[in-house]
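Take a look at the structure below.
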Amino acid sequence: MNEIEIWDACIEKAKASLLTDDVPIGAVLIRDGKIISSGCNTRERDKSILGHAEINTIAEASRALGRWNLADCTLYVTLKPCSMCLEVIKQSRISKVYYLLDKLTYKKEYNKTNICMHSDAIDKEYELMYNNILKDFFKDKRK
């Protein structure tokens, strides 16, 4: 499959988003020169914050391949991935991402959420408890 066919598939997926009043973004995941999965935005259709084209495409690929690690895949997407999608892309180990356009200059990501580590006396007990759970998990994985 050549790049023109890949981008055509991305554009078609982006157009599909328009049918449900979603932002027109399309994505295609390629492995060994073949489309493994594709997706479009479905946030409005599904009433789900996770309905981004990249996440839908990655979830479909994981189901198709029977694994979450997509290190041997390349993602093509019409618009530069947002921070949430970028993190999912990194976590899925996708080796390379190509996109057509940067975000519009007036479009800013929502960034008013205050994220902070909760810290008081009772947290120390839970912190230790959770730390042990994590240590045991990874110790078992290394066996």
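Simple scheme: letters A, B, ... for chains in structure tokens order, numbers from 1 for residues in each chain, numbers from 1 for ligands in the order shown.
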Long-range neighbours of segment 56-63 of chain A as a list of chain:residue names, 8 Å cut-off, only C-alpha atoms, 5 positions minimum in chain: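 Using only C-alpha atoms, the neighbours found are A:Ala27, A:Val28, A:Leu29, A:Ile36, A:Ser37, A:Ser38, A:Gly39, A:Cys40, A:Asn41, A:Leu50, A:Gly51, A:Trp68, A:Asn69, A:Leu70, A:Ile89, A:Ser92.
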Spatial neighbours of Asp72 of chain A, max dist 7 Å, only C-alpha atoms, sep filter under 2 positions, as a list in words: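 Surrounding residues, per the criterion: Arg31, Leu70, Ile94 and Ser95 of chain A.
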Contacts of Tyr76 of chain A at 9 Å or less, counting only C-alpha atoms, minus same-chain residues fewer than 5 places along, as a ChimeraX atom specification? /A:6-7,10,26-30,54,96-100
Next, the residues of the selection above should be written as a compact mmCIF listing (two decimals), in the first residue's frame with N, CA and C atoms.
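Once written, out-v9.txt looks like this:
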```
# COMPACT_ATOMS: atom_id res chain seq x y z
N ILE A 6 -2.87 5.35 1.62
CA ILE A 6 -3.00 5.51 3.08
C ILE A 6 -3.68 6.82 3.41
N TRP A 7 -3.22 7.92 2.80
CA TRP A 7 -3.82 9.22 3.10
C TRP A 7 -5.26 9.29 2.60
N CYS A 10 -7.27 7.76 5.25
CA CYS A 10 -7.40 8.68 6.39
C CYS A 10 -8.46 9.75 6.12
N GLY A 26 -9.36 11.42 10.86
CA GLY A 26 -9.26 10.02 10.49
C GLY A 26 -7.87 9.49 10.78
N ALA A 27 -7.78 8.20 11.05
CA ALA A 27 -6.50 7.57 11.35
C ALA A 27 -6.45 6.18 10.75
N VAL A 28 -5.23 5.76 10.38
CA VAL A 28 -5.00 4.43 9.81
C VAL A 28 -3.72 3.88 10.43
N LEU A 29 -3.75 2.61 10.83
CA LEU A 29 -2.57 1.95 11.38
C LEU A 29 -2.06 0.93 10.37
N ILE A 30 -0.78 1.02 10.06
CA ILE A 30 -0.15 0.19 9.04
C ILE A 30 0.86 -0.76 9.68
N GLU A 54 -7.53 8.29 16.83
CA GLU A 54 -6.32 7.52 17.14
C GLU A 54 -6.61 6.40 18.13
N LYS A 96 6.14 4.95 14.80
CA LYS A 96 6.19 6.22 14.09
C LYS A 96 4.77 6.72 13.83
N VAL A 97 4.61 8.05 13.87
CA VAL A 97 3.32 8.68 13.60
C VAL A 97 3.54 9.78 12.55
N TYR A 98 2.69 9.77 11.54
CA TYR A 98 2.69 10.83 10.53
C TYR A 98 1.35 11.55 10.62
N TYR A 99 1.36 12.88 10.51
CA TYR A 99 0.11 13.63 10.49
C TYR A 99 0.18 14.70 9.41
N LEU A 100 -1.00 15.14 8.95
CA LEU A 100 -1.08 16.11 7.87
C LEU A 100 -1.03 17.55 8.36
```
Expressed in Å, the length from atom CA of Lys143 of chain A to atom CA of Arg67 of chain A is 20.9 Å
Using only C-alpha atoms: which of A:Leu134, A:Ile55, A:Ala14, A:Ala64 has the shortest distance to Cys82 of chain A: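 Of all the options, A:Ile55 lies closest to Cys82 of chain A.
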Could you check which of A:Ile49, A:Leu65, A:Met129, A:Val77 is closest to Glu12 of chain A, using only C-alpha atoms?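 Among A:Ile49, A:Leu65, A:Met129, A:Val77, it is A:Val77 that comes nearest to Glu12 of chain A.
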Please give the complete set of residues from chain A that DSSP, run on the backbone, assigns to strand (DSSP E), formatted as an MDAnalysis selection string. chainID A and resid 26:31 34:40 74:79 96:101
Limited to N, CA, C and O atoms, could you put the picked residues into a file as a compact mmCIF listing (two decimals), in the first residue's frame?
```txt
# COMPACT_ATOMS: atom_id res chain seq x y z
N GLY A 26 -9.36 11.42 10.86
CA GLY A 26 -9.26 10.02 10.49
C GLY A 26 -7.87 9.49 10.78
O GLY A 26 -6.89 10.24 10.74
N ALA A 27 -7.78 8.20 11.05
CA ALA A 27 -6.50 7.57 11.35
C ALA A 27 -6.45 6.18 10.75
O ALA A 27 -7.48 5.51 10.62
N VAL A 28 -5.23 5.76 10.38
CA VAL A 28 -5.00 4.43 9.81
C VAL A 28 -3.72 3.88 10.43
O VAL A 28 -2.72 4.59 10.55
N LEU A 29 -3.75 2.61 10.83
CA LEU A 29 -2.57 1.95 11.38
C LEU A 29 -2.06 0.93 10.37
O LEU A 29 -2.84 0.09 9.90
N ILE A 30 -0.78 1.02 10.06
CA ILE A 30 -0.15 0.19 9.04
C ILE A 30 0.86 -0.76 9.68
O ILE A 30 1.62 -0.35 10.55
N ARG A 31 0.86 -1.99 9.20
CA ARG A 31 1.87 -2.98 9.61
C ARG A 31 2.22 -3.81 8.38
O ARG A 31 1.34 -4.31 7.70
N LYS A 34 0.33 -3.04 5.16
CA LYS A 34 -1.11 -3.29 5.09
C LYS A 34 -1.84 -2.55 6.19
O LYS A 34 -1.32 -2.37 7.29
N ILE A 35 -3.07 -2.15 5.90
CA ILE A 35 -3.91 -1.51 6.92
C ILE A 35 -4.36 -2.59 7.90
O ILE A 35 -5.00 -3.57 7.53
N ILE A 36 -4.02 -2.37 9.17
CA ILE A 36 -4.45 -3.26 10.24
C ILE A 36 -5.78 -2.76 10.82
O ILE A 36 -6.65 -3.54 11.16
N SER A 37 -5.89 -1.43 10.92
CA SER A 37 -7.11 -0.85 11.47
C SER A 37 -7.22 0.60 11.02
O SER A 37 -6.24 1.21 10.58
N SER A 38 -8.41 1.13 11.17
CA SER A 38 -8.64 2.55 10.87
C SER A 38 -9.76 3.04 11.76
O SER A 38 -10.54 2.24 12.29
N GLY A 39 -9.82 4.34 11.93
CA GLY A 39 -10.87 4.88 12.79
C GLY A 39 -11.09 6.35 12.55
O GLY A 39 -10.30 7.03 11.89
N CYS A 40 -12.17 6.83 13.10
CA CYS A 40 -12.50 8.25 13.02
C CYS A 40 -12.98 8.70 14.40
O CYS A 40 -13.17 7.89 15.30
N THR A 74 2.89 1.64 12.21
CA THR A 74 2.99 3.08 11.96
C THR A 74 1.57 3.65 11.89
O THR A 74 0.69 3.06 11.25
N LEU A 75 1.38 4.78 12.54
CA LEU A 75 0.07 5.44 12.56
C LEU A 75 0.09 6.66 11.66
O LEU A 75 1.02 7.47 11.72
N TYR A 76 -0.93 6.78 10.85
CA TYR A 76 -1.16 7.96 10.02
C TYR A 76 -2.44 8.61 10.52
O TYR A 76 -3.45 7.93 10.71
N VAL A 77 -2.41 9.91 10.73
CA VAL A 77 -3.59 10.62 11.24
C VAL A 77 -3.67 11.99 10.59
O VAL A 77 -2.65 12.61 10.30
N THR A 78 -4.89 12.46 10.35
CA THR A 78 -5.07 13.71 9.61
C THR A 78 -4.67 14.94 10.41
O THR A 78 -4.19 15.91 9.83
N LEU A 79 -4.84 14.93 11.72
CA LEU A 79 -4.52 16.09 12.56
C LEU A 79 -3.55 15.65 13.66
O LEU A 79 -3.67 14.54 14.18
N LYS A 96 6.14 4.95 14.80
CA LYS A 96 6.19 6.22 14.09
C LYS A 96 4.77 6.72 13.83
O LYS A 96 3.86 5.92 13.60
N VAL A 97 4.61 8.05 13.87
CA VAL A 97 3.32 8.68 13.60
C VAL A 97 3.54 9.78 12.55
O VAL A 97 4.45 10.59 12.68
N TYR A 98 2.69 9.77 11.54
CA TYR A 98 2.69 10.83 10.53
C TYR A 98 1.35 11.55 10.62
O TYR A 98 0.31 10.90 10.78
N TYR A 99 1.36 12.88 10.51
CA TYR A 99 0.11 13.63 10.49
C TYR A 99 0.18 14.70 9.41
O TYR A 99 1.25 15.12 8.99
N LEU A 100 -1.00 15.14 8.95
CA LEU A 100 -1.08 16.11 7.87
C LEU A 100 -1.03 17.55 8.36
O LEU A 100 -0.35 18.38 7.78
N LEU A 101 -1.78 17.87 9.40
CA LEU A 101 -1.90 19.25 9.86
C LEU A 101 -1.68 19.38 11.35
O LEU A 101 -2.06 18.50 12.12
```
Set the distance at 12 Å and use only C-alpha atoms: which residues neighbour segment 45-48 of chain A once local chain neighbours fewer than 5 positions away are removed? I'd like the list as a PDB file with N, CA, C and O atoms, in the first residue's frame.
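Ended up saving to result.pdb:
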```
ATOM      1  N   ALA A  16     -16.096  10.402   7.462  1.00  0.00           N
ATOM      2  CA  ALA A  16     -17.088   9.599   8.191  1.00  0.00           C
ATOM      3  C   ALA A  16     -17.463  10.257   9.514  1.00  0.00           C
ATOM      4  O   ALA A  16     -18.600  10.133   9.981  1.00  0.00           O
ATOM      5  N   SER A  17     -16.528  10.971  10.123  1.00  0.00           N
ATOM      6  CA  SER A  17     -16.812  11.676  11.382  1.00  0.00           C
ATOM      7  C   SER A  17     -17.879  12.743  11.195  1.00  0.00           C
ATOM      8  O   SER A  17     -18.634  13.043  12.114  1.00  0.00           O
ATOM      9  N   LEU A  18     -17.922  13.331  10.013  1.00  0.00           N
ATOM     10  CA  LEU A  18     -18.881  14.397   9.748  1.00  0.00           C
ATOM     11  C   LEU A  18     -20.328  13.909   9.827  1.00  0.00           C
ATOM     12  O   LEU A  18     -21.230  14.677  10.165  1.00  0.00           O
ATOM     13  N   LEU A  19     -20.539  12.639   9.552  1.00  0.00           N
ATOM     14  CA  LEU A  19     -21.889  12.081   9.558  1.00  0.00           C
ATOM     15  C   LEU A  19     -22.514  12.097  10.952  1.00  0.00           C
ATOM     16  O   LEU A  19     -23.732  12.047  11.080  1.00  0.00           O
ATOM     17  N   THR A  20     -21.671  12.160  11.992  1.00  0.00           N
ATOM     18  CA  THR A  20     -22.176  12.154  13.371  1.00  0.00           C
ATOM     19  C   THR A  20     -21.835  13.456  14.095  1.00  0.00           C
ATOM     20  O   THR A  20     -21.835  13.496  15.323  1.00  0.00           O
ATOM     21  N   ASP A  21     -21.516  14.491  13.328  1.00  0.00           N
ATOM     22  CA  ASP A  21     -21.199  15.810  13.877  1.00  0.00           C
ATOM     23  C   ASP A  21     -19.954  15.785  14.759  1.00  0.00           C
ATOM     24  O   ASP A  21     -19.825  16.570  15.692  1.00  0.00           O
ATOM     25  N   ASP A  22     -19.036  14.863  14.456  1.00  0.00           N
ATOM     26  CA  ASP A  22     -17.765  14.797  15.164  1.00  0.00           C
ATOM     27  C   ASP A  22     -16.719  15.581  14.391  1.00  0.00           C
ATOM     28  O   ASP A  22     -16.842  15.768  13.176  1.00  0.00           O
ATOM     29  N   VAL A  23     -15.685  16.024  15.080  1.00  0.00           N
ATOM     30  CA  VAL A  23     -14.576  16.709  14.422  1.00  0.00           C
ATOM     31  C   VAL A  23     -13.999  15.740  13.382  1.00  0.00           C
ATOM     32  O   VAL A  23     -13.719  14.582  13.701  1.00  0.00           O
ATOM     33  N   CYS A  40     -12.173   6.827  13.098  1.00  0.00           N
ATOM     34  CA  CYS A  40     -12.502   8.246  13.022  1.00  0.00           C
ATOM     35  C   CYS A  40     -12.983   8.703  14.396  1.00  0.00           C
ATOM     36  O   CYS A  40     -13.167   7.894  15.299  1.00  0.00           O
ATOM     37  N   ILE A  55      -7.384   6.707  19.171  1.00  0.00           N
ATOM     38  CA  ILE A  55      -7.693   5.708  20.193  1.00  0.00           C
ATOM     39  C   ILE A  55      -8.581   4.611  19.615  1.00  0.00           C
ATOM     40  O   ILE A  55      -8.354   3.427  19.873  1.00  0.00           O
ATOM     41  N   ASN A  56      -9.563   4.992  18.802  1.00  0.00           N
ATOM     42  CA  ASN A  56     -10.408   3.993  18.153  1.00  0.00           C
ATOM     43  C   ASN A  56      -9.575   3.073  17.254  1.00  0.00           C
ATOM     44  O   ASN A  56      -9.781   1.861  17.232  1.00  0.00           O
TER      45      ASN A  56
END
```
Mind the document's chain letters and residue numbers, and return as a count of residues only the residues of chain A that DSSP labels helix (DSSP H, G or I). 64
